[in-house]
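Q: Pasting a structure below so you can have a look.
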Amino acid sequence: MAFGKNARKEKHSFSCFSTTTIVVFVAFCLIGVWMMMSSSLVPAQRVTLLVMGSNSEVKEKSNGSQTFEESPGDLTDDAIKGDDSASIQKAEKTSENTDESAEESREQFGEVKKSEVSNSNNKDIEQMTANENKEVNENIIEKLDDKFGNWDNKMIDDGQAEKQDDAASESGNSQTKEENVKDLKLPESLPNGAGNELLKENQIEPGNWATQTTESKIEQADEVINHEKKSEKEPKELEKVDKEQSSGDAGYKYSWKVCNVSAGPDYIPCLDNEVAIRQLHSTGHYEHRERHCPEDPPTCLVPLPEGYKKPIKWPKSRDMIWYNNVPHTKLAIVKKHQNWLRVSGKYLTFPGGGTQFKNGALHYIDFIQEIVPDIAWGKHSRVVLDVGCGVASLGGFLFERDVLTMSFAPKDEHEAQVQLALERGIPAISAVMGTQRLPFPSVVFDIVHCARCRVPWHADGGRLLLELDRVLRPGGYFVWSATPVYQKLAEDVGIWKAMSALTKSMCWNLVEKKKDRVNAVGIAIYQKPTSNTCYELRRNQEPPLCEESDDPNAAWYVPLKSCMHKVPTGDGERERGTEWPEEWPQRLDKAPYWLNNERAGVYGKQAAMDFISDSEHWKRVVFKSYLNKMGIDWSSVRNVMDMKAVYGGFAAALAGKKLWVMNVVPIDSPDTLPIIYDRGLIGIHHDWCQSFSTYPRTYDLLHADHLFSKLKQRCPLVPVMAEIDRILRPGGSAIFRDKIETINELEGMVISMHWEVRFTYSQDQEGILRAQKTMWRPTSS
């Protein structure tokens with residue numbers, strides 16, 4: 001009997017031990033499954049990232065709808081107290097509501113089987129969960145970075161050399177991810193507290209800053225009225241592109257067609273408006289090369305060239321590009337003896353020559369500094385305007401001297417020259433010196449360069465050279481290496497005499513005129529005066545001084561005039577243009593001397609403090625979010641555009657990367673473009689209700705901070721998104737920051753264009769969307 005009693009005791013003990021073992025085993029299983037489900041909740045194409053706190057969450061959008069969830073990292077301490085098992089229940093609930101992407105992920109990692117656990121065992125799970133919480137967070141982050149970093153853009157293979165570069169880059173990116181994975185926090189993406197004023201446009205005090213709309217008010221009046229009329233027609237415009245209500249994808253779907261135009265894959269709407277060009281009364285002043293935007297901006301998508309490939313990366317792209325991407329070879333024939341470019345099998349190659357430096361741009365660049373040492377490339381001289389740039393080899397090689405060049409030439413004057421420049425990764429726009437001012441502020445370029453650019457500077461009272469005088473900084477240089485400088489033909493001698501008389505009357509000083517024996521060309525270098533003394537002493541007031549009411553900063557559709565603006569003097573005040581900026585690179589981070597605290601900045605602080613706050617804000621955003629946490633392969637990013645620049649803080653934060661940024665200041669935004677140039681950066685005025693003056697597929701990354709909420713009050717967003725698709729390269733990314741309702745609208749459009757939505761984030765009714773363009777094109781035209 002005793003034996004039987006002991007036997008029952010042992011049996012009872014074994015039963016208790018088995019129950020405990022099973023409970024512990026189930027607990028471990030639940031934790032393991034929860035960890036895998038947390039990782040599997042990241043869809044392959046679209047994710048929503050929340051700010052990582054003590055208890056981090058990654059939640060996908062159910063059925064494509066825009067769904068965001070607050071992260072405990074943004075809540076108060078009281079708000080995050082409670083049962084940690086709720087995290088497991090929330091993860092299970094989220095997994096039940098995921099879309100098809102999550103279904104595929106679950107098939108990979110396995111389905112979760114629901115289990116009932118007693119309250120006592122829940123406490124054990126809570127303790128284990130708390131102990132492992134940090135490890136779980138890091139596991140989620142690592143899976144997220146893998147999703148972003150390994151995305152296949154389905155591009156055509158770039159060749160074996162490009163594969164090796166990509167592999168090396170991927171290796172470097174992988175190491176960076178491992179170093180930063182523990183630091184994944186994103187509050188800087190949409191900063192809390194004191195940083196929020198940098199994102200709130202309604203805090204901009206009206207009247208503090210002029211805009212191009214007000215500065216160019218006479219010329220802008222009709223255009224503004226036209227845009228207001230178009231804005232009234234917005235519902236009708238959206239009906240044309242088949243706007244439909246939908247249960248997902250931000251609430252809208254749009255149908256797109258391929259543009260059926262004679263320009264084909266090279267279509268620039270404002271430069272290829274054949275109807276408007278045929279109606280011109282004259283083309284003697286290159287009116288046919290100027291902007292003539294269609295009344296109704298196109299809502300079609302530009303086709304790809306046959307055989308288009310992912311562009312070659314910088315710096316290789318400076319010397320070679322894919323032939324199929326820009327299949328134009330006329331220049332290789334016409335400029336063969338000048339070494340502009342050559343056809344080399346499946347590539348177009350660029351030997352580095354030009355019309356006036358056929359034996360190499362670097363020698364030409366160094367020769368200029370040799371004859372005028374004060375030019376001091378990359379220190380004293382940082383920002384250059386290259387007129388009639390050809391394929392922009394000068395700008396491409398000036399990068400080696402820390403010089404940023406804005407190159408421009410008319411479309412098709414020499415076949416696809418600007419398109420070739422941009423494909424190479426060199427800043428350029430399609431523009432012409434005709435009847436209107438260039439879209440730049442006054443006195444911002446350190447040097448203006450023209451190498452046999454075929455511009456009749458002396459004609460029409462020197463009107464075109466006077467435009468260069470407007471944009472050239474006092475004390476800046478005009479470098480001219482054309483045949484009249486060194487050849488003795490009758491025509492050249494006559495032009496030199498006319499130029500000598502004109503520049504003398506403009507008070508430009510001929511600093512040096514010298515022959516380059518290597519390239520067999522002559523170079524003349526002029527310097528603009530720094531005071532008005534010479535103007536006042538002229539016997540013959542030709543060209544005349546402009547009237548006081550003529551604003552030299554007005555530059556949007558403003559007709560050229562044959563007059564000259566006075567040099568800024570300040571009259572005791574620190575006026576812009578009275579002093580040379582700091583040497584590069586000091587000028588990048590230092591507020592311009594004239595941006596003093598006696599005036600309010602764009603965001604309402606004292607101007608100099610406003611500038612500093614903006615710079616610090618974008619450094620945080622770029623370094624803590626954009627560079628490492630959005631899944632962008634920055635080794636493939638060369639041509640960048642900030643579609644709504646303010647002080648240029650975004651571009652300044654990227655200054656250490658091997659890329660360049662086109663800072664666009666919209667015409668109805670505060671005119672801060674002079675500040676951007678004083679920092680040693682480049683930019684342009686533009687109206688986003690119109691097409692941008694660039695070829696299709698010319699930018700790798702577009703960035704727009706609070707542009708669209710204001711823009712859609714003036715014009716429909718559908719044509720704007722069609723324009724964004726036009727200028728962005730396949731595989732390139734766009735980062736949109738705006739109010740959440742606008743982000744939802746943009747998301748619907750990019751999804752309808754078959755872009756990949758790679759990142760979304762929201763906080764306090766503000767949102768971020770990062771989308772990546774694909775190779776998709778519509779089948780109908």
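In the structure tokens, chains take letters A, B, ... by order of appearance, with residues numbered from 1 within each chain and ligands from 1 in the order shown.
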Name the residues in contact with A:Asn325 at a cut-off of 12 Å, using only C-alpha atoms, excluding same-chain residues fewer than 2 positions from it; report them as a short mmCIF file (atom, residue, chain, number, x, y, z; two decimals) with C-alpha atoms, in the first residue's frame.
A:
data_model
loop_
_atom_site.label_atom_id
_atom_site.label_comp_id
_atom_site.auth_asym_id
_atom_site.auth_seq_id
_atom_site.Cartn_x
_atom_site.Cartn_y
_atom_site.Cartn_z
CA ILE A 156 18.36 45.86 -67.77
CA ASP A 158 24.37 47.50 -66.92
CA PRO A 265 11.17 60.11 -75.71
CA ASP A 266 12.84 63.56 -75.67
CA PRO A 303 7.90 56.85 -73.54
CA LEU A 304 11.33 55.32 -72.95
CA PRO A 305 13.92 55.04 -75.71
CA GLU A 306 14.21 51.54 -77.07
CA GLY A 307 16.83 49.61 -75.13
CA TYR A 308 17.00 52.11 -72.26
CA LYS A 309 19.28 51.00 -69.42
CA LYS A 310 20.00 52.08 -65.88
CA PRO A 311 22.46 55.01 -66.21
CA ILE A 312 26.14 54.44 -65.56
CA MET A 320 30.91 57.30 -70.97
CA ILE A 321 27.15 56.72 -71.15
CA TRP A 322 24.87 54.12 -72.75
CA TYR A 323 24.26 54.88 -76.41
CA PRO A 327 20.82 57.69 -79.18
CA HIS A 328 22.02 60.88 -80.90
CA THR A 329 25.27 60.81 -82.84
CA LYS A 346 27.16 50.41 -77.08
CA TYR A 347 28.60 53.52 -75.45
CA LEU A 348 29.01 57.19 -76.19
CA ALA A 416 20.87 66.80 -77.54
CA GLN A 419 20.56 65.83 -72.59
CA LEU A 420 24.05 64.36 -73.00
CA LEU A 422 22.64 65.49 -67.78
CA GLU A 423 23.00 61.83 -68.69
CA ARG A 424 26.69 62.22 -67.80
CA TYR A 695 14.96 66.57 -70.90
CA PRO A 696 13.09 63.48 -69.71
CA ARG A 697 14.84 61.02 -67.39
CA THR A 698 17.46 63.47 -66.12
CA ARG A 729 14.89 58.43 -64.24
CA PRO A 730 13.48 54.87 -64.02
#
Q: Skip A:Lys497 itself and residues of its chain fewer than 5 positions away, then list as a list in words all residues within 9 Å of it, counting only C-alpha atoms.
A: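 Close residues of A:Lys497: Pro484, Asp492 and Leu502 of chain A.
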Q: Take the selection from the previous step and output its residues with all heavy atoms, as a tab-separated table (two decimals), in the first residue's frame.
A:
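Ended up saving to out_28.tsv:
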chain	number	residue	atom	x	y	z
A	484	PRO	N	37.07	85.87	-82.09
A	484	PRO	CA	37.45	87.29	-82.15
A	484	PRO	C	38.59	87.67	-81.20
A	484	PRO	O	39.23	88.70	-81.37
A	484	PRO	CB	36.16	88.02	-81.77
A	484	PRO	CG	35.07	87.08	-82.17
A	484	PRO	CD	35.61	85.73	-81.85
A	492	ASP	N	36.11	88.66	-87.40
A	492	ASP	CA	36.56	88.55	-86.02
A	492	ASP	C	37.13	89.88	-85.51
A	492	ASP	O	36.87	90.28	-84.37
A	492	ASP	CB	37.62	87.44	-85.89
A	492	ASP	CG	37.03	86.06	-86.10
A	492	ASP	OD1	35.88	85.85	-85.68
A	492	ASP	OD2	37.70	85.20	-86.69
A	502	LEU	N	32.09	98.08	-76.21
A	502	LEU	CA	30.95	97.79	-75.34
A	502	LEU	C	31.41	97.53	-73.91
A	502	LEU	O	30.85	98.08	-72.95
A	502	LEU	CB	30.17	96.59	-75.87
A	502	LEU	CG	29.01	96.08	-75.02
A	502	LEU	CD1	27.95	97.17	-74.84
A	502	LEU	CD2	28.38	94.82	-75.64
Q: Tell me which of A:Val343, A:Ala459, A:Leu702, A:Cys715 sits closest to A:Gly434, counting only C-alpha atoms.
A: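 Nearest to A:Gly434: A:Ala459.
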Q: Report as a list in words all protein, DNA and RNA residues lying within 12 Å of A:Asp687, evaluated on only C-alpha atoms, omitting residues in the same chain fewer than 4 positions from it.
A: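 Surrounding residues, per the criterion: Thr211, Gln212, Thr213, Gln220, Glu223, Val224, His227, Cys270, Cys293, Pro439, Ala555, Trp556, Tyr557, Met643, Lys644, Val664, Val665, Pro666, Ile667, Asp668, Ser669, Ser691, Phe692, Ser693, Leu707, Leu711, Arg714, Cys715 and Val720 of chain A.
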Q: Just the residues within 10 Å of A:Ser407, please, counting only C-alpha atoms, with nothing from its chain fewer than 4 positions along; format it as a compact mmCIF listing (two decimals) with all heavy atoms, in the first residue's frame.
A:
# COMPACT_ATOMS: atom_id res chain seq x y z
N VAL A 384 29.75 78.97 -61.15
CA VAL A 384 30.04 79.41 -62.51
C VAL A 384 28.81 79.23 -63.39
O VAL A 384 28.07 78.25 -63.24
CB VAL A 384 31.23 78.61 -63.10
CG1 VAL A 384 31.44 78.94 -64.57
CG2 VAL A 384 32.49 78.89 -62.30
N LEU A 385 28.59 80.15 -64.31
CA LEU A 385 27.57 80.04 -65.34
C LEU A 385 28.27 79.81 -66.67
O LEU A 385 29.07 80.64 -67.11
CB LEU A 385 26.72 81.31 -65.40
CG LEU A 385 25.61 81.33 -66.47
CD1 LEU A 385 24.53 80.30 -66.14
CD2 LEU A 385 25.00 82.72 -66.59
N ASP A 386 27.99 78.67 -67.32
CA ASP A 386 28.61 78.33 -68.60
C ASP A 386 27.57 78.50 -69.70
O ASP A 386 26.60 77.75 -69.78
CB ASP A 386 29.12 76.89 -68.57
CG ASP A 386 29.97 76.55 -69.79
OD1 ASP A 386 30.38 77.48 -70.50
OD2 ASP A 386 30.22 75.35 -70.02
N VAL A 387 27.78 79.50 -70.54
CA VAL A 387 26.84 79.86 -71.60
C VAL A 387 27.17 79.06 -72.86
O VAL A 387 28.32 79.06 -73.31
CB VAL A 387 26.89 81.37 -71.91
CG1 VAL A 387 25.84 81.74 -72.96
CG2 VAL A 387 26.70 82.17 -70.63
N GLY A 388 26.17 78.41 -73.46
CA GLY A 388 26.41 77.61 -74.65
C GLY A 388 27.37 76.48 -74.34
O GLY A 388 28.45 76.37 -74.92
N CYS A 389 26.96 75.61 -73.43
CA CYS A 389 27.88 74.69 -72.75
C CYS A 389 28.32 73.50 -73.59
O CYS A 389 29.22 72.77 -73.19
CB CYS A 389 27.22 74.16 -71.48
SG CYS A 389 25.68 73.25 -71.80
N GLY A 390 27.69 73.25 -74.74
CA GLY A 390 28.00 72.02 -75.47
C GLY A 390 27.55 70.82 -74.66
O GLY A 390 26.42 70.78 -74.16
N VAL A 391 28.42 69.84 -74.49
CA VAL A 391 28.08 68.67 -73.68
C VAL A 391 28.56 68.85 -72.24
O VAL A 391 28.63 67.89 -71.47
CB VAL A 391 28.66 67.37 -74.29
CG1 VAL A 391 28.01 67.08 -75.62
CG2 VAL A 391 30.18 67.47 -74.45
N ALA A 392 28.91 70.09 -71.88
CA ALA A 392 29.21 70.50 -70.50
C ALA A 392 30.47 69.84 -69.93
O ALA A 392 30.56 69.60 -68.73
CB ALA A 392 28.02 70.24 -69.58
N SER A 393 31.46 69.57 -70.78
CA SER A 393 32.70 69.00 -70.27
C SER A 393 33.42 69.95 -69.32
O SER A 393 34.06 69.52 -68.35
CB SER A 393 33.62 68.62 -71.42
OG SER A 393 33.14 67.48 -72.11
N LEU A 394 33.30 71.27 -69.57
CA LEU A 394 33.92 72.23 -68.66
C LEU A 394 33.35 72.04 -67.25
O LEU A 394 34.10 71.93 -66.28
CB LEU A 394 33.68 73.66 -69.13
CG LEU A 394 34.26 74.73 -68.21
CD1 LEU A 394 35.76 74.86 -68.39
CD2 LEU A 394 33.59 76.08 -68.43
N GLY A 395 32.02 72.01 -67.14
CA GLY A 395 31.39 71.82 -65.84
C GLY A 395 31.74 70.47 -65.23
O GLY A 395 31.91 70.36 -64.01
N GLY A 396 31.84 69.43 -66.08
CA GLY A 396 32.17 68.11 -65.58
C GLY A 396 33.55 68.05 -64.94
O GLY A 396 33.75 67.41 -63.91
N VAL A 418 22.41 69.27 -74.09
CA VAL A 418 22.05 69.33 -72.67
C VAL A 418 21.64 67.95 -72.17
O VAL A 418 21.96 67.57 -71.03
CB VAL A 418 20.93 70.37 -72.45
CG1 VAL A 418 20.33 70.24 -71.06
CG2 VAL A 418 21.48 71.77 -72.65
N ALA A 421 24.72 66.09 -71.43
CA ALA A 421 25.35 66.59 -70.20
C ALA A 421 24.68 65.99 -68.96
O ALA A 421 25.35 65.51 -68.04
CB ALA A 421 25.28 68.11 -70.16
N LEU A 422 23.36 66.00 -68.93
CA LEU A 422 22.64 65.49 -67.78
C LEU A 422 22.78 63.98 -67.64
O LEU A 422 22.86 63.46 -66.52
CB LEU A 422 21.16 65.88 -67.88
CG LEU A 422 20.89 67.37 -67.64
CD1 LEU A 422 19.53 67.77 -68.19
CD2 LEU A 422 20.98 67.70 -66.16
N ILE A 426 26.11 65.92 -65.11
CA ILE A 426 26.63 67.28 -65.02
C ILE A 426 25.44 68.26 -65.03
O ILE A 426 24.53 68.12 -65.85
CB ILE A 426 27.57 67.59 -66.21
CG1 ILE A 426 28.71 66.56 -66.25
CG2 ILE A 426 28.12 69.00 -66.10
CD1 ILE A 426 29.56 66.65 -67.50
N PRO A 427 25.41 69.25 -64.14
CA PRO A 427 24.28 70.19 -64.08
C PRO A 427 24.09 70.92 -65.40
O PRO A 427 25.05 71.45 -65.98
CB PRO A 427 24.68 71.16 -62.97
CG PRO A 427 25.70 70.43 -62.17
CD PRO A 427 26.42 69.53 -63.11
N ALA A 428 22.86 70.99 -65.87
CA ALA A 428 22.56 71.70 -67.12
C ALA A 428 21.06 71.89 -67.24
O ALA A 428 20.27 71.10 -66.71
CB ALA A 428 23.10 70.93 -68.33
N ILE A 429 20.67 72.93 -67.96
CA ILE A 429 19.27 73.18 -68.30
C ILE A 429 19.19 73.58 -69.77
O ILE A 429 20.17 74.04 -70.35
CB ILE A 429 18.62 74.29 -67.43
CG1 ILE A 429 19.39 75.60 -67.61
CG2 ILE A 429 18.54 73.87 -65.97
CD1 ILE A 429 18.69 76.81 -67.01
N SER A 430 18.03 73.40 -70.35
CA SER A 430 17.79 73.87 -71.72
C SER A 430 17.29 75.31 -71.64
O SER A 430 16.21 75.57 -71.11
CB SER A 430 16.75 72.98 -72.41
OG SER A 430 17.28 71.70 -72.64
N ALA A 431 18.09 76.22 -72.15
CA ALA A 431 17.72 77.63 -72.12
C ALA A 431 18.48 78.35 -73.22
O ALA A 431 19.43 77.81 -73.80
CB ALA A 431 18.05 78.26 -70.76
N HIS A 449 31.20 82.13 -68.09
CA HIS A 449 32.13 81.60 -69.08
C HIS A 449 31.43 81.41 -70.42
O HIS A 449 30.27 80.99 -70.48
CB HIS A 449 32.70 80.26 -68.61
CG HIS A 449 33.53 79.56 -69.65
ND1 HIS A 449 33.01 78.58 -70.47
CD2 HIS A 449 34.83 79.72 -70.00
CE1 HIS A 449 33.97 78.15 -71.28
NE2 HIS A 449 35.08 78.81 -71.02
Q: What's the separation between atom CA of A:Ala451 and atom CA of A:Pro543, in Å to one decimal place?
A: 24.4 Å
Q: Pull the alpha helix (DSSP H) assignments for stretch 374-505 of chain A out of DSSP run on the backbone, and list those residues as JSON, numbers by chain.
A: {"A": [393, 394, 395, 396, 397, 398, 417, 418, 419, 420, 421, 422, 423, 424, 463, 464, 465, 466, 467, 468, 469, 470, 471, 483, 484, 485, 486, 490, 491, 492, 493, 494, 495, 496, 497, 498, 499, 500, 501, 502, 503, 504, 505]}
Q: Would you mind exporting N, CA and C atoms of the selected residues as a compact mmCIF listing (two decimals), in the first residue's frame?
A:
# COMPACT_ATOMS: atom_id res chain seq x y z
N SER A 393 31.46 69.57 -70.78
CA SER A 393 32.70 69.00 -70.27
C SER A 393 33.42 69.95 -69.32
N LEU A 394 33.30 71.27 -69.57
CA LEU A 394 33.92 72.23 -68.66
C LEU A 394 33.35 72.04 -67.25
N GLY A 395 32.02 72.01 -67.14
CA GLY A 395 31.39 71.82 -65.84
C GLY A 395 31.74 70.47 -65.23
N GLY A 396 31.84 69.43 -66.08
CA GLY A 396 32.17 68.11 -65.58
C GLY A 396 33.55 68.05 -64.94
N PHE A 397 34.53 68.74 -65.53
CA PHE A 397 35.88 68.71 -65.00
C PHE A 397 36.11 69.75 -63.92
N LEU A 398 35.27 70.80 -63.87
CA LEU A 398 35.40 71.78 -62.79
C LEU A 398 35.04 71.17 -61.43
N GLN A 417 22.66 68.30 -76.78
CA GLN A 417 23.84 68.61 -75.97
C GLN A 417 23.53 68.64 -74.48
N VAL A 418 22.41 69.27 -74.09
CA VAL A 418 22.05 69.33 -72.67
C VAL A 418 21.64 67.95 -72.17
N GLN A 419 20.95 67.18 -72.98
CA GLN A 419 20.56 65.83 -72.59
C GLN A 419 21.81 64.96 -72.34
N LEU A 420 22.80 65.10 -73.19
CA LEU A 420 24.05 64.36 -73.00
C LEU A 420 24.74 64.79 -71.71
N ALA A 421 24.72 66.09 -71.43
CA ALA A 421 25.35 66.59 -70.20
C ALA A 421 24.68 65.99 -68.96
N LEU A 422 23.36 66.00 -68.93
CA LEU A 422 22.64 65.49 -67.78
C LEU A 422 22.78 63.98 -67.64
N GLU A 423 22.80 63.27 -68.75
CA GLU A 423 23.00 61.83 -68.69
C GLU A 423 24.38 61.52 -68.10
N ARG A 424 25.35 62.39 -68.36
CA ARG A 424 26.69 62.22 -67.80
C ARG A 424 26.73 62.52 -66.30
N ARG A 463 22.55 94.07 -75.48
CA ARG A 463 21.48 93.61 -74.59
C ARG A 463 21.81 92.27 -73.92
N LEU A 464 22.41 91.34 -74.66
CA LEU A 464 22.69 90.02 -74.09
C LEU A 464 23.86 90.07 -73.12
N LEU A 465 24.89 90.87 -73.43
CA LEU A 465 26.00 91.00 -72.50
C LEU A 465 25.56 91.73 -71.23
N LEU A 466 24.62 92.64 -71.37
CA LEU A 466 24.08 93.33 -70.20
C LEU A 466 23.31 92.37 -69.29
N GLU A 467 22.75 91.33 -69.86
CA GLU A 467 22.08 90.31 -69.04
C GLU A 467 23.11 89.53 -68.23
N LEU A 468 24.27 89.26 -68.83
CA LEU A 468 25.34 88.63 -68.05
C LEU A 468 25.82 89.56 -66.95
N ASP A 469 25.88 90.85 -67.23
CA ASP A 469 26.26 91.82 -66.21
C ASP A 469 25.28 91.79 -65.04
N ARG A 470 24.01 91.58 -65.35
CA ARG A 470 22.99 91.53 -64.29
C ARG A 470 23.25 90.38 -63.32
N VAL A 471 23.59 89.20 -63.83
CA VAL A 471 23.73 88.02 -62.97
C VAL A 471 25.14 87.85 -62.41
N THR A 483 36.75 83.11 -81.24
CA THR A 483 37.69 83.46 -82.33
C THR A 483 38.01 84.95 -82.42
N PRO A 484 37.07 85.87 -82.09
CA PRO A 484 37.45 87.29 -82.15
C PRO A 484 38.59 87.67 -81.20
N VAL A 485 38.83 86.83 -80.20
CA VAL A 485 39.89 87.13 -79.24
C VAL A 485 41.27 86.93 -79.87
N TYR A 486 41.41 85.98 -80.80
CA TYR A 486 42.75 85.61 -81.27
C TYR A 486 42.89 85.46 -82.78
N ALA A 490 38.56 89.33 -90.98
CA ALA A 490 37.89 90.63 -90.94
C ALA A 490 36.69 90.63 -90.00
N GLU A 491 35.90 89.57 -90.06
CA GLU A 491 34.71 89.50 -89.20
C GLU A 491 35.11 89.46 -87.73
N ASP A 492 36.11 88.66 -87.40
CA ASP A 492 36.56 88.55 -86.02
C ASP A 492 37.13 89.88 -85.51
N VAL A 493 37.90 90.55 -86.35
CA VAL A 493 38.47 91.84 -85.95
C VAL A 493 37.36 92.86 -85.68
N GLY A 494 36.34 92.84 -86.50
CA GLY A 494 35.22 93.76 -86.31
C GLY A 494 34.47 93.48 -85.01
N ILE A 495 34.26 92.20 -84.72
CA ILE A 495 33.57 91.84 -83.47
C ILE A 495 34.40 92.22 -82.26
N TRP A 496 35.72 92.02 -82.33
CA TRP A 496 36.57 92.38 -81.20
C TRP A 496 36.52 93.88 -80.92
N LYS A 497 36.54 94.69 -81.96
CA LYS A 497 36.45 96.14 -81.78
C LYS A 497 35.12 96.53 -81.14
N ALA A 498 34.04 95.91 -81.60
CA ALA A 498 32.73 96.22 -81.03
C ALA A 498 32.65 95.78 -79.57
N MET A 499 33.20 94.60 -79.27
CA MET A 499 33.20 94.11 -77.88
C MET A 499 34.07 94.99 -76.99
N SER A 500 35.19 95.42 -77.51
CA SER A 500 36.08 96.28 -76.72
C SER A 500 35.37 97.58 -76.34
N ALA A 501 34.68 98.18 -77.30
CA ALA A 501 33.95 99.43 -77.03
C ALA A 501 32.82 99.19 -76.04
N LEU A 502 32.09 98.08 -76.21
CA LEU A 502 30.95 97.79 -75.34
C LEU A 502 31.41 97.53 -73.91
N THR A 503 32.40 96.66 -73.73
CA THR A 503 32.87 96.34 -72.37
C THR A 503 33.46 97.57 -71.68
N LYS A 504 34.10 98.44 -72.45
CA LYS A 504 34.64 99.66 -71.86
C LYS A 504 33.52 100.57 -71.36
N SER A 505 32.46 100.69 -72.16
CA SER A 505 31.33 101.52 -71.75
C SER A 505 30.57 100.91 -70.57
Q: If you run DSSP over the backbone, which residues in stretch 289-435 of chain A end up strand (DSSP E or B)? Put them as a list in words.
A: Leu301, Met320, Ile321, Trp322, Arg342, Val343, Ser344, Tyr347, Leu348, Thr349, Trp377, Ser381, Val383, Val384, Leu385, Asp386, Val387, Leu404, Thr405, Met406, Ser407, Phe408, Ala409, Ala428, Ile429 and Ser430 of chain A
Q: Tell me, as a count of residues only, which residues lie within 10 Å of stretch 586-598 of chain A, counting only C-alpha atoms; anything in the same chain fewer than 3 positions away does not count.
A: 40
Q: Restrict the calculation to only C-alpha atoms, then for each residue of stretch 541-603 of chain A with any atom at most 7 Å from an atom of stretch 515-533 of chain A give the closest atom pair and their distance in Å to one decimal, rows by chain and rising residue number, as a Markdown table.
A:
| residue | atom | partner | partner_atom | distance |
| --- | --- | --- | --- | --- |
| A:Lys566 | CA | A:Asn532 | CA | 6.4 |
| A:Val567 | CA | A:Ser531 | CA | 5.8 |
| A:Thr569 | CA | A:Ser531 | CA | 6.9 |
